[in-house]
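Source file data_27.tsv; content: TSV, C-alpha atoms and all ligand atoms.
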chain	number	residue	atom	x	y	z
T	1	MET	CA	91.16	70.71	100.06
T	2	PRO	CA	91.61	74.27	101.45
T	3	ALA	CA	92.51	74.46	105.13
T	4	THR	CA	89.65	76.83	106.01
T	5	GLU	CA	86.01	76.45	105.00
T	6	ARG	CA	84.75	79.91	104.06
T	7	LEU	CA	81.36	80.36	105.67
T	8	TYR	CA	80.90	83.84	104.19
T	9	TYR	CA	80.59	82.24	100.75
T	10	GLN	CA	77.23	80.79	101.81
T	11	ASP	CA	75.90	83.57	103.98
T	12	SER	CA	77.15	87.15	104.18
T	13	ARG	CA	74.86	87.71	107.20
T	14	LEU	CA	76.46	85.01	109.32
T	15	LEU	CA	78.07	87.06	112.06
T	16	GLU	CA	78.79	84.48	114.78
T	17	PHE	CA	80.25	81.00	114.47
T	18	ASP	CA	82.25	78.34	116.32
T	19	ALA	CA	85.41	76.84	114.83
T	20	ARG	CA	88.46	74.80	115.77
T	21	VAL	CA	91.99	76.20	115.87
T	22	ILE	CA	94.10	74.25	113.37
T	23	SER	CA	97.28	76.30	113.52
T	24	LEU	CA	98.94	79.25	115.22
T	25	SER	CA	101.77	81.25	113.70
T	26	GLU	CA	103.80	84.36	114.35
T	27	LEU	CA	103.95	86.97	111.59
T	28	ASP	CA	107.08	88.93	110.66
T	29	ASP	CA	105.87	91.88	112.74
T	30	GLY	CA	105.46	89.63	115.81
T	31	GLN	CA	101.66	89.49	115.72
T	32	ILE	CA	99.90	86.16	116.27
T	33	ALA	CA	97.81	84.66	113.46
T	34	VAL	CA	95.20	81.98	114.10
T	35	THR	CA	93.99	79.58	111.39
T	36	LEU	CA	90.57	77.97	111.87
T	37	ASP	CA	88.91	75.01	110.19
T	38	ARG	CA	86.03	77.33	109.21
T	39	THR	CA	85.46	81.07	109.32
T	40	ALA	CA	82.90	83.78	108.64
T	41	PHE	CA	85.67	86.43	108.57
T	42	TYR	CA	86.29	87.88	105.10
T	43	PRO	CA	90.04	88.31	104.41
T	44	THR	CA	91.41	91.29	102.45
T	45	GLY	CA	91.03	90.69	98.73
T	46	GLY	CA	89.32	91.81	95.53
T	47	GLY	CA	89.58	95.46	96.54
T	48	GLN	CA	87.66	94.85	99.77
T	49	PRO	CA	89.34	95.23	103.20
T	50	SER	CA	89.10	92.41	105.72
T	51	ASP	CA	86.52	92.03	108.46
T	52	THR	CA	87.38	92.71	112.07
T	53	GLY	CA	85.75	91.32	115.22
T	54	THR	CA	86.56	88.98	118.08
T	55	LEU	CA	87.86	85.43	118.44
T	56	GLY	CA	87.25	84.25	121.99
T	57	GLU	CA	88.78	86.95	124.21
T	58	ALA	CA	91.03	88.34	121.45
T	59	ARG	CA	90.39	91.13	118.92
T	60	VAL	CA	90.69	90.18	115.24
T	61	VAL	CA	92.41	93.19	113.70
T	62	ASP	CA	93.10	91.81	110.20
T	63	CYS	CA	92.47	88.71	108.12
T	64	ILE	CA	94.85	87.49	105.44
T	65	ASP	CA	93.91	85.19	102.57
T	66	ALA	CA	96.63	82.51	102.38
T	67	GLU	CA	94.72	80.65	99.64
T	68	ASN	CA	94.91	76.90	100.30
T	69	GLU	CA	96.71	77.52	103.61
T	70	GLY	CA	93.46	79.04	104.86
T	71	VAL	CA	92.46	82.39	106.35
T	72	LEU	CA	94.91	83.87	108.86
T	73	HIS	CA	93.16	85.77	111.67
T	74	VAL	CA	95.60	88.34	113.05
T	75	ILE	CA	94.73	88.80	116.72
T	76	GLN	CA	95.54	91.09	119.62
T	77	GLY	CA	94.91	89.74	123.12
T	78	PRO	CA	94.84	86.24	124.59
T	79	ALA	CA	95.64	83.63	121.93
T	80	PRO	CA	93.73	80.29	121.93
T	81	GLU	CA	95.53	76.93	121.97
T	82	MET	CA	95.81	74.42	119.13
T	83	GLY	CA	92.66	72.30	118.93
T	84	ASP	CA	90.56	74.75	120.99
T	85	THR	CA	87.04	75.49	119.87
T	86	VAL	CA	86.65	79.26	119.68
T	87	HIS	CA	83.70	81.57	119.14
T	88	GLY	CA	84.09	84.15	116.38
T	89	LYS	CA	82.09	87.35	116.07
T	90	ILE	CA	82.21	89.77	113.12
T	91	ASP	CA	81.92	93.58	113.54
T	92	TRP	CA	78.59	94.07	111.80
T	93	LEU	CA	78.82	97.80	110.99
T	94	ARG	CA	82.13	97.32	109.20
T	95	ARG	CA	80.79	94.26	107.33
T	96	LEU	CA	77.62	96.19	106.36
T	97	ASP	CA	79.73	99.09	105.10
T	98	HIS	CA	81.96	96.81	103.00
T	99	LEU	CA	79.00	94.83	101.73
T	100	GLN	CA	77.29	98.04	100.58
T	101	GLN	CA	80.42	99.46	98.91
T	102	HIS	CA	81.26	96.15	97.24
T	103	THR	CA	77.74	95.33	96.02
T	104	GLY	CA	77.36	98.97	94.99
T	105	GLN	CA	80.45	98.55	92.86
T	106	HIS	CA	78.96	95.50	91.07
T	107	ILE	CA	75.85	97.55	90.26
T	108	LEU	CA	77.71	100.70	89.17
T	109	SER	CA	80.19	98.75	87.06
T	110	ALA	CA	77.34	96.88	85.34
T	111	ALA	CA	75.59	100.22	84.70
T	112	PHE	CA	78.71	101.52	82.88
T	113	VAL	CA	78.75	98.37	80.73
T	114	GLN	CA	75.06	98.57	79.95
T	115	LEU	CA	75.10	102.28	79.04
T	116	PHE	CA	78.53	102.79	77.50
T	117	ASP	CA	80.02	99.33	77.09
T	118	ALA	CA	82.74	100.54	79.48
T	119	ALA	CA	84.43	97.82	81.54
T	120	THR	CA	85.72	98.28	85.10
T	121	LEU	CA	89.41	97.34	85.36
T	122	SER	CA	89.98	97.80	89.07
T	123	PHE	CA	88.16	98.54	92.30
T	124	ARG	CA	89.23	99.68	95.76
T	125	VAL	CA	87.35	100.35	99.01
T	126	LEU	CA	89.42	103.08	100.65
T	127	GLU	CA	89.03	104.53	104.11
T	128	HIS	CA	86.65	107.30	103.06
T	129	GLU	CA	85.52	106.52	99.54
T	130	CYS	CA	85.62	103.87	96.83
T	131	GLU	CA	87.34	104.00	93.45
T	132	ILE	CA	86.74	102.22	90.18
T	133	ASP	CA	88.87	102.60	87.06
T	134	VAL	CA	86.57	102.44	84.05
T	135	ALA	CA	87.43	102.25	80.34
T	136	LEU	CA	85.00	105.09	79.66
T	137	GLU	CA	85.60	107.19	76.57
T	138	ASP	CA	84.62	110.87	76.59
T	139	PRO	CA	83.97	111.03	80.34
T	140	SER	CA	81.76	113.89	81.49
T	141	ASP	CA	79.69	114.71	84.56
T	142	GLU	CA	76.59	113.97	82.52
T	143	ARG	CA	77.67	110.49	81.34
T	144	ILE	CA	78.91	109.45	84.75
T	145	GLU	CA	75.80	110.72	86.56
T	146	GLN	CA	73.73	108.81	84.00
T	147	ALA	CA	75.41	105.57	85.13
T	148	VAL	CA	74.90	106.55	88.79
T	149	ASP	CA	71.21	107.16	88.06
T	150	LEU	CA	70.83	103.73	86.46
T	151	ALA	CA	72.64	102.12	89.41
T	152	ASN	CA	70.28	103.82	91.88
T	153	GLN	CA	67.27	102.75	89.83
T	154	ILE	CA	68.46	99.13	90.12
T	155	ILE	CA	69.02	99.64	93.87
T	156	TRP	CA	65.52	101.02	94.44
T	157	GLU	CA	63.95	98.13	92.51
T	158	SER	CA	65.39	95.94	95.29
T	159	ARG	CA	66.36	93.17	92.90
T	160	PRO	CA	67.39	89.84	94.45
T	161	ILE	CA	71.09	88.98	94.47
T	162	SER	CA	71.97	85.30	94.40
T	163	VAL	CA	75.17	83.26	94.50
T	164	ARG	CA	75.67	80.11	92.47
T	165	GLN	CA	78.53	77.70	91.97
T	166	VAL	CA	79.16	76.83	88.33
T	167	THR	CA	81.69	74.63	86.54
T	168	SER	CA	84.09	76.30	84.14
T	169	ALA	CA	82.19	74.63	81.27
T	170	GLU	CA	78.94	76.25	82.46
T	171	ALA	CA	80.73	79.55	83.03
T	172	ALA	CA	81.86	79.57	79.40
T	173	THR	CA	78.19	79.66	78.31
T	174	LEU	CA	77.21	82.48	80.67
T	175	PRO	CA	77.32	86.21	79.75
T	176	LEU	CA	79.78	87.05	82.57
T	177	ARG	CA	80.66	90.74	82.90
T	178	LYS	CA	84.33	89.91	83.49
T	179	GLU	CA	86.65	87.01	82.87
T	180	PRO	CA	87.05	84.70	85.86
T	181	ALA	CA	90.38	85.21	87.67
T	182	ARG	CA	90.73	81.51	88.48
T	183	ALA	CA	90.15	78.17	86.77
T	184	GLY	CA	87.87	75.39	88.01
T	185	GLU	CA	84.57	75.82	89.83
T	186	LEU	CA	83.40	79.42	89.97
T	187	ARG	CA	81.32	81.46	92.36
T	188	VAL	CA	79.03	83.67	90.30
T	189	ILE	CA	77.07	86.61	91.72
T	190	GLU	CA	73.80	87.32	89.95
T	191	ILE	CA	71.81	90.52	90.22
T	192	ALA	CA	68.47	89.52	88.72
T	193	ASP	CA	68.22	90.48	85.03
T	194	PHE	CA	71.10	92.93	85.35
T	195	ASP	CA	74.53	91.49	86.13
T	196	LEU	CA	76.37	88.20	86.28
T	197	THR	CA	79.94	88.28	87.51
T	198	PRO	CA	82.40	85.89	89.16
T	199	CYS	CA	83.39	87.10	92.64
T	200	GLY	CA	84.52	85.78	96.03
T	201	GLY	CA	83.40	88.74	98.14
T	202	THR	CA	80.54	89.46	100.52
T	203	HIS	CA	77.36	90.82	98.94
T	204	ALA	CA	73.95	92.16	99.86
T	205	ARG	CA	70.94	89.84	99.55
T	206	SER	CA	69.10	92.37	97.44
T	207	THR	CA	70.17	95.56	95.69
T	208	GLY	CA	67.95	97.56	98.07
T	209	GLU	CA	70.38	96.91	100.94
T	210	VAL	CA	72.96	99.08	99.18
T	211	GLY	CA	70.67	102.05	99.87
T	212	VAL	CA	72.12	104.63	97.49
T	213	ILE	CA	75.18	105.38	95.35
T	214	THR	CA	76.61	108.87	95.05
T	215	LEU	CA	79.36	110.24	92.81
T	216	ARG	CA	82.03	112.13	94.72
T	217	SER	CA	84.36	113.13	91.86
T	218	TRP	CA	86.13	111.70	88.83
T	219	GLU	CA	89.35	112.25	86.92
T	220	ARG	CA	91.30	110.79	84.04
T	221	ALA	CA	93.97	108.37	85.21
T	222	LYS	CA	96.34	106.38	83.00
T	223	GLY	CA	94.01	106.34	80.01
T	224	LEU	CA	91.05	105.34	82.16
T	225	THR	CA	88.40	107.25	84.07
T	226	ARG	CA	88.82	107.00	87.84
T	227	ILE	CA	85.48	107.38	89.57
T	228	HIS	CA	85.23	108.12	93.29
T	229	PHE	CA	81.90	107.02	94.69
T	230	MET	CA	80.22	106.04	97.93
T	231	ALA	CA	77.36	103.72	98.77
T	232	GLY	CA	74.94	103.24	101.66
T	233	VAL	CA	76.01	104.40	105.12
T	234	ARG	CA	79.09	106.16	103.73
T	235	ALA	CA	77.03	108.16	101.25
T	236	VAL	CA	74.73	109.33	104.05
T	237	ALA	CA	77.67	110.29	106.30
T	238	ASP	CA	79.28	112.14	103.40
T	239	TYR	CA	76.04	113.97	102.60
T	240	ARG	CA	75.76	115.05	106.24
T	241	LYS	CA	79.30	116.45	106.14
T	242	ALA	CA	78.88	118.15	102.76
T	243	ASN	CA	75.56	119.63	103.83
T	244	GLN	CA	77.06	120.99	107.04
T	245	THR	CA	79.86	122.64	105.07
T	246	ALA	CA	77.41	124.11	102.57
T	247	ARG	CA	75.16	125.43	105.36
T	248	GLU	CA	78.07	126.99	107.25
T	249	VAL	CA	79.18	128.80	104.10
T	250	ALA	CA	75.61	129.90	103.34
T	251	ALA	CA	75.23	131.23	106.91
T	252	LEU	CA	78.27	133.49	106.38
T	253	PHE	CA	76.35	135.11	103.53
T	254	SER	CA	72.93	134.89	105.22
T	255	ALA	CA	71.88	133.21	102.00
T	256	GLY	CA	70.47	129.92	100.79
T	257	ARG	CA	72.79	126.95	100.18
T	258	GLU	CA	72.23	127.05	96.41
T	259	ASP	CA	73.14	130.76	96.14
T	260	THR	CA	76.62	130.43	97.66
T	261	PRO	CA	78.72	129.52	94.59
T	262	ALA	CA	77.80	132.81	92.88
T	263	LEU	CA	78.28	134.77	96.12
T	264	VAL	CA	81.71	133.24	96.77
T	265	ALA	CA	82.77	133.88	93.17
T	266	ARG	CA	81.74	137.53	93.51
T	267	LEU	CA	83.63	137.84	96.81
T	268	VAL	CA	86.79	136.36	95.29
T	269	GLU	CA	86.53	138.83	92.39
T	270	GLU	CA	86.00	141.77	94.75
T	271	ASN	CA	88.89	140.63	96.90
T	272	LYS	CA	91.22	140.62	93.90
T	273	LYS	CA	90.26	144.24	93.10
T	274	VAL	CA	90.61	145.31	96.73
T	275	ARG	CA	94.04	143.68	97.01
T	276	ARG	CA	95.18	145.43	93.86
T	277	ARG	CA	93.94	148.78	95.24
T	278	VAL	CA	95.51	148.14	98.66
T	279	GLY	CA	98.80	147.46	96.89
T	280	GLU	CA	98.60	150.82	95.13
T	281	LEU	CA	97.64	152.66	98.30
T	282	GLU	CA	100.37	150.96	100.26
T	283	GLN	CA	102.98	152.39	97.95
T	284	VAL	CA	101.55	155.87	98.58
T	285	ALA	CA	101.47	155.20	102.33
T	286	CYS	CA	105.05	153.90	102.26
T	287	ARG	CA	106.24	157.16	100.73
T	288	VAL	CA	104.62	159.13	103.59
T	289	GLU	CA	105.91	156.66	106.16
T	290	ALA	CA	109.39	156.90	104.67
T	291	GLU	CA	109.36	160.70	105.03
T	292	GLU	CA	108.42	160.39	108.70
T	293	LEU	CA	111.04	157.73	109.42
T	294	ILE	CA	113.75	159.83	107.81
T	295	GLN	CA	112.69	162.94	109.75
T	296	GLN	CA	112.77	160.90	112.95
T	297	ALA	CA	116.21	159.46	112.14
T	298	ARG	CA	117.63	162.90	111.49
T	299	ILE	CA	116.25	164.19	114.82
T	300	ASN	CA	117.77	161.19	116.64
T	301	SER	CA	121.08	161.51	114.82
T	302	PRO	CA	121.41	165.16	113.75
T	303	ARG	CA	124.88	164.78	112.23
T	304	ALA	CA	123.75	162.18	109.71
T	305	GLY	CA	123.36	163.62	106.28
T	306	SER	CA	124.52	167.10	107.33
T	307	THR	CA	127.18	168.99	105.45
T	308	GLY	CA	130.70	167.63	105.87
T	309	ASP	CA	129.56	164.27	107.27
T	310	THR	CA	129.69	161.25	105.02
T	311	GLY	CA	127.61	159.04	107.38
T	312	ALA	CA	124.36	157.88	105.81
T	313	THR	CA	120.89	158.28	107.31
T	314	VAL	CA	120.17	154.84	108.78
T	315	ILE	CA	116.62	153.63	109.34
T	316	ALA	CA	116.63	150.42	111.43
T	317	THR	CA	113.15	149.31	112.50
T	318	VAL	CA	111.35	146.07	113.36
T	319	PHE	CA	107.60	145.88	112.66
T	320	ASP	CA	104.91	143.40	113.65
T	321	ASP	CA	102.85	141.47	111.08
T	322	ARG	CA	104.35	143.12	108.04
T	323	SER	CA	104.71	141.05	104.88
T	324	ALA	CA	107.91	140.80	102.83
T	325	ASP	CA	106.23	142.82	100.03
T	326	SER	CA	105.25	145.57	102.40
T	327	LEU	CA	108.78	145.77	103.84
T	328	LYS	CA	110.15	145.98	100.33
T	329	HIS	CA	107.81	148.82	99.37
T	330	LEU	CA	108.88	150.80	102.43
T	331	ALA	CA	112.56	150.07	101.74
T	332	LEU	CA	112.20	151.34	98.15
T	333	ALA	CA	110.48	154.52	99.38
T	334	LEU	CA	113.28	155.08	101.92
T	335	ILE	CA	116.19	154.61	99.52
T	336	SER	CA	114.69	157.04	97.02
T	337	HIS	CA	116.16	159.55	99.49
T	338	PRO	CA	119.89	160.28	99.06
T	339	ASN	CA	122.55	158.60	101.20
T	340	THR	CA	120.07	156.38	103.04
T	341	VAL	CA	120.30	152.84	104.42
T	342	ALA	CA	117.13	150.93	105.36
T	343	LEU	CA	117.41	147.93	107.69
T	344	LEU	CA	113.83	146.63	108.05
T	345	GLY	CA	112.54	143.59	109.90
T	346	SER	CA	109.15	142.06	110.64
T	347	ARG	CA	107.71	139.43	112.96
T	348	ASP	CA	105.33	138.01	110.35
T	349	GLY	CA	103.42	135.12	111.91
T	350	ASN	CA	105.99	132.38	112.55
T	351	THR	CA	108.57	133.97	110.29
T	352	ALA	CA	111.20	136.62	110.89
T	353	ARG	CA	111.53	138.73	107.72
T	354	LEU	CA	114.32	141.09	106.73
T	355	VAL	CA	114.81	143.61	103.94
T	356	PHE	CA	118.09	145.58	103.75
T	357	ALA	CA	118.47	148.31	101.12
T	358	ARG	CA	120.57	151.36	100.43
T	359	SER	CA	120.38	154.30	98.03
T	360	THR	CA	122.81	154.20	95.10
T	361	ASP	CA	125.06	156.82	96.68
T	362	ALA	CA	125.40	155.01	100.04
T	363	ALA	CA	128.14	152.51	100.88
T	364	ASP	CA	127.96	148.99	102.42
T	365	ASP	CA	127.06	145.67	100.85
T	366	MET	CA	123.50	144.69	101.76
T	367	ASN	CA	124.03	141.15	100.49
T	368	VAL	CA	126.92	140.60	102.92
T	369	LEU	CA	124.94	142.09	105.82
T	370	MET	CA	121.90	139.98	104.94
T	371	ARG	CA	123.82	136.71	104.87
T	372	LYS	CA	125.24	137.42	108.34
T	373	ALA	CA	121.82	138.42	109.69
T	374	CYS	CA	120.16	135.29	108.27
T	375	GLU	CA	122.61	133.11	110.17
T	376	VAL	CA	121.43	134.77	113.38
T	377	ILE	CA	117.72	134.10	112.65
T	378	ASP	CA	118.28	130.51	111.39
T	379	GLY	CA	117.17	131.45	107.91
T	380	ARG	CA	118.20	132.06	104.36
T	381	GLY	CA	118.52	135.13	102.22
T	382	GLY	CA	120.65	137.30	100.00
T	383	GLY	CA	120.50	139.65	97.06
T	384	LYS	CA	122.53	142.43	95.52
T	385	PRO	CA	124.83	145.00	97.13
T	386	ASP	CA	122.01	147.59	97.16
T	387	MET	CA	119.03	145.36	98.06
T	388	ALA	CA	118.75	142.01	99.86
T	389	GLN	CA	115.93	140.00	101.44
T	390	GLY	CA	115.76	137.11	103.87
T	391	GLY	CA	113.66	135.17	106.32
T	392	GLY	CA	114.09	132.73	109.19
T	393	LYS	CA	112.35	130.81	111.93
T	394	ASN	CA	114.11	132.29	114.95
T	395	ILE	CA	111.90	135.32	115.62
T	396	SER	CA	113.37	135.90	119.08
T	397	ALA	CA	116.79	136.58	117.48
T	398	LEU	CA	115.43	139.22	115.08
T	399	ASP	CA	116.36	142.20	117.29
T	400	ASP	CA	119.91	140.82	117.74
T	401	ALA	CA	120.29	140.37	113.98
T	402	MET	CA	119.14	143.93	113.31
T	403	HIS	CA	121.38	145.35	116.01
T	404	ALA	CA	124.43	143.51	114.63
T	405	ALA	CA	123.71	144.73	111.11
T	406	ALA	CA	123.42	148.33	112.31
T	407	GLN	CA	126.70	147.96	114.25
T	408	ASP	CA	128.45	146.67	111.16
T	409	LEU	CA	127.27	149.74	109.27
T	410	SER	CA	128.47	152.32	111.76
T	411	ASN	CA	131.80	150.50	112.15
T	412	SER	CA	132.50	150.60	108.45
T	501	ZN	ZN	81.67	90.86	94.50

Show how you would write the structure in this file as structure tokens.
Amino acid sequence: MPATERLYYQDSRLLEFDARVISLSELDDGQIAVTLDRTAFYPTGGGQPSDTGTLGEARVVDCIDAENEGVLHVIQGPAPEMGDTVHGKIDWLRRLDHLQQHTGQHILSAAFVQLFDAATLSFRVLEHECEIDVALEDPSDERIEQAVDLANQIIWESRPISVRQVTSAEAATLPLRKEPARAGELRVIEIADFDLTPCGGTHARSTGEVGVITLRSWERAKGLTRIHFMAGVRAVADYRKANQTAREVAALFSAGREDTPALVARLVEENKKVRRRVGELEQVACRVEAEELIQQARINSPRAGSTGDTGATVIATVFDDRSADSLKHLALALISHPNTVALLGSRDGNTARLVFARSTDAADDMNVLMRKACEVIDGRGGGKPDMAQGGGKNISALDDAMHAAAQDLSNS
């Protein structure tokens, strides 16, 4: 005889009940678990999460199925005493949600069997959506939506759902959709003229209570087809969110919701072309910029590059919001000039970027300078003696790193 009588077997709408405390225990994590002689709380199992609610003054945060040991109600708050009679109350919205997802799964799984002879091998109610793994060959949007359509048809016919207890001998004569997981007397859930399956969960009284089933997405997983769906209140909440997203995108284009995929595709295509063109123009701009920087450097340091002086023209500059690619383009434009060293930095968002380069006829090892500079900016980098790149998180140390690199050059 199991320790706890499961009231939810008889009535999935029973939300309040009185019961006697038959044991109290402490779980490994220190939480208190209460066992009752009867309960309407559904414990986690069969892919369905547990109910929550209240037990006297305490919150029931989880329920664990300990089989013949009963249902453990994990509570937070004042614990009752052994032998106390307590009043239990189930959170209805959570129960309704689970009942819709779970019953919806029975209907959808039966639809896959009826249409494609494709069995459901596992089921999970997750936080946002539900998953079934179906042995569906040749999955496609069309085939899966066909099953969803049939499931919704069954929902809107509001067919009665009944529970009956059968012996294993009786069960053997019934066209059950799946093999019973346990021996002995079975609880069989019947959706009138549609599905007959053994199950210990909480179900709707008629298919109409499920409201609607929607397909979210699907993918192949381990030889099966994993289908992400939602039923009832979840499907409505998801529609609201999806619709809001679609409307926000449409508003950006001042267009209708249905026109946005084509408009976004065109924008992405245009953006690719524009980026390509910007890249080309940037190289042109970098050549002009390089000329100006070199002129400026020669004015600031007139001896550099003049006859009889071996010192290179050094360009050391820190920019704002310049990408690594852009720094590199400028560096290449600079070192196309003879005897030139480019020490370039950028505060690019949260990253400090560095590109050090020199013309083939200049001295100094850029790789060595870069490694030292990257230590200063808490980053990583390196390269070859004539060109090195790096980046780091310490943007405030970028000026120090640049200054030290320039010092090292002039000291050499
Ligand atoms: Zn069920």

For this session: Determine, counting all atoms listed in the file, which protein, DNA and RNA residues have an atom within 10 Å of an atom of Arg38 (chain T); residues of the same chain fewer than 6 positions away are not included. Present the result as a count of residues only.
Result: 14

For this session: Could I get the residue neighbourhood of ligand ZN 501 (chain T) at 6 Å, counting only C-alpha atoms and all ligand atoms, as number ranges by chain?
Result: T: 102, 199, 201

For this session: Find the residues around region 107-119 of chain T up to 10 Å (all atoms listed in the file counted), leave out those fewer than 2 positions away in its own chain, and share them as an MDAnalysis selection string.
Result: chainID T and resid 101:105 121:123 132:137 143:144 146:152 154:155 177:178 191 194:197 207 210 213 224:225 229

For this session: May I have the residues at most 9 Å from (87.8, 77.1, 121.2) in the file's coordinates, counting only C-alpha atoms, as a list in words?
Result: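 Checked against the point, the hits come out as Asp18, Ala19, Arg20, Val21, Leu55, Gly56, Pro80, Glu81, Met82, Gly83, Asp84, Thr85, Val86 and His87 of chain T.
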
Exercise. Restricting the calculation to all atoms listed in the file, which member of T:Gly391, T:Gly223, T:Gly200, T:Gly211 is positioned closest to Glu157 (chain T)?
Worked result: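 For Glu157 (chain T), the nearest of the candidates is T:Gly211.
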
Exercise. Which residue, T:Asp51, T:Asp361, T:Glu270, T:Glu127, has the smallest gap to Leu72 (chain T) when you use all atoms listed in the file?
Worked result: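 Comparing T:Asp51, T:Asp361, T:Glu270, T:Glu127 against Leu72 (chain T), the winner is T:Asp51.
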
Problem set entry | Spatial neighbours of Met402 (chain T), 10 Å, only C-alpha atoms, chain gap at least 2 places, as a list in words |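 Final neighbour list, sorted by chain and number: Ala316, Thr317, Val318, Leu343, Leu344, Gly345, Leu354, Phe356, Leu369, Met370, Ala373, Val376, Ile377, Ala397, Leu398, Asp399, Asp400, Ala404, Ala405, Ala406, Gln407 and Asp408 of chain T.
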
Exercise. Expressed in Å to a single decimal, how great is the separation between CA of Lys272 (chain T) and CA of Arg347 (chain T)?
Worked result: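 Going from CA of Lys272 (chain T) over to CA of Arg347 (chain T) covers 25.2 Å.
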
Exercise. Taking into account only C-alpha atoms, which residue in the set T:Thr54, T:His106, T:Val61, T:Pro2 is nearest to Gly88 (chain T)?
Worked result: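 Closest to Gly88 (chain T) of all the choices is T:Thr54.
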
For this session: For each of T:Val233, T:Cys63, T:Leu93, T:Ala58, take the minimum atom-to-atom distance to Thr39 (chain T), counting all atoms listed in the file, then give the residue where this is smallest.
Result: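 Counting all atoms listed in the file, the residue closest to Thr39 (chain T) is T:Cys63.
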
Assuming 4 Å of padding per side, give the centre and edge lengths of the axis-aligned box around every listed atom of region 264-279 of chain T, in Å to one decimal and as lines of an AutoDock Vina configuration file.
center_x = 90.3
center_y = 141.0
center_z = 95.5
size_x = 25.1
size_y = 23.5
size_z = 14.3

Regenerate region 112-123 of chain T at the level of N, CA, C and O atoms and dump it as a compact mmCIF listing (two decimals), in the frame of the given file.
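Final output, saved to selection.txt:
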# COMPACT_ATOMS: atom_id res chain seq x y z
N PHE T 112 77.80 100.95 83.89
CA PHE T 112 78.71 101.52 82.88
C PHE T 112 78.79 100.62 81.65
O PHE T 112 78.91 101.10 80.52
N VAL T 113 78.72 99.31 81.87
CA VAL T 113 78.75 98.37 80.73
C VAL T 113 77.47 98.52 79.93
O VAL T 113 77.49 98.63 78.70
N GLN T 114 76.35 98.53 80.65
CA GLN T 114 75.06 98.57 79.95
C GLN T 114 74.90 99.87 79.14
O GLN T 114 74.45 99.83 78.00
N LEU T 115 75.30 101.00 79.72
CA LEU T 115 75.10 102.28 79.04
C LEU T 115 76.17 102.60 78.01
O LEU T 115 75.88 103.11 76.93
N PHE T 116 77.42 102.31 78.35
CA PHE T 116 78.53 102.79 77.50
C PHE T 116 79.49 101.68 77.08
O PHE T 116 80.55 101.98 76.53
N ASP T 117 79.15 100.45 77.39
CA ASP T 117 80.02 99.33 77.09
C ASP T 117 81.44 99.58 77.66
O ASP T 117 82.45 99.28 77.03
N ALA T 118 81.47 100.15 78.86
CA ALA T 118 82.74 100.54 79.48
C ALA T 118 83.04 99.62 80.66
O ALA T 118 82.33 99.64 81.67
N ALA T 119 84.09 98.82 80.52
CA ALA T 119 84.43 97.82 81.54
C ALA T 119 85.14 98.47 82.73
O ALA T 119 85.83 99.48 82.59
N THR T 120 84.99 97.87 83.90
CA THR T 120 85.72 98.28 85.10
C THR T 120 86.98 97.43 85.20
O THR T 120 86.91 96.20 85.17
N LEU T 121 88.15 98.09 85.31
CA LEU T 121 89.41 97.34 85.36
C LEU T 121 89.95 97.14 86.76
O LEU T 121 90.72 96.23 86.99
N SER T 122 89.57 98.04 87.69
CA SER T 122 89.98 97.80 89.07
C SER T 122 89.04 98.51 90.03
O SER T 122 88.32 99.42 89.65
N PHE T 123 89.09 98.06 91.27
CA PHE T 123 88.16 98.54 92.30
C PHE T 123 88.86 98.55 93.64
O PHE T 123 89.62 97.64 93.96
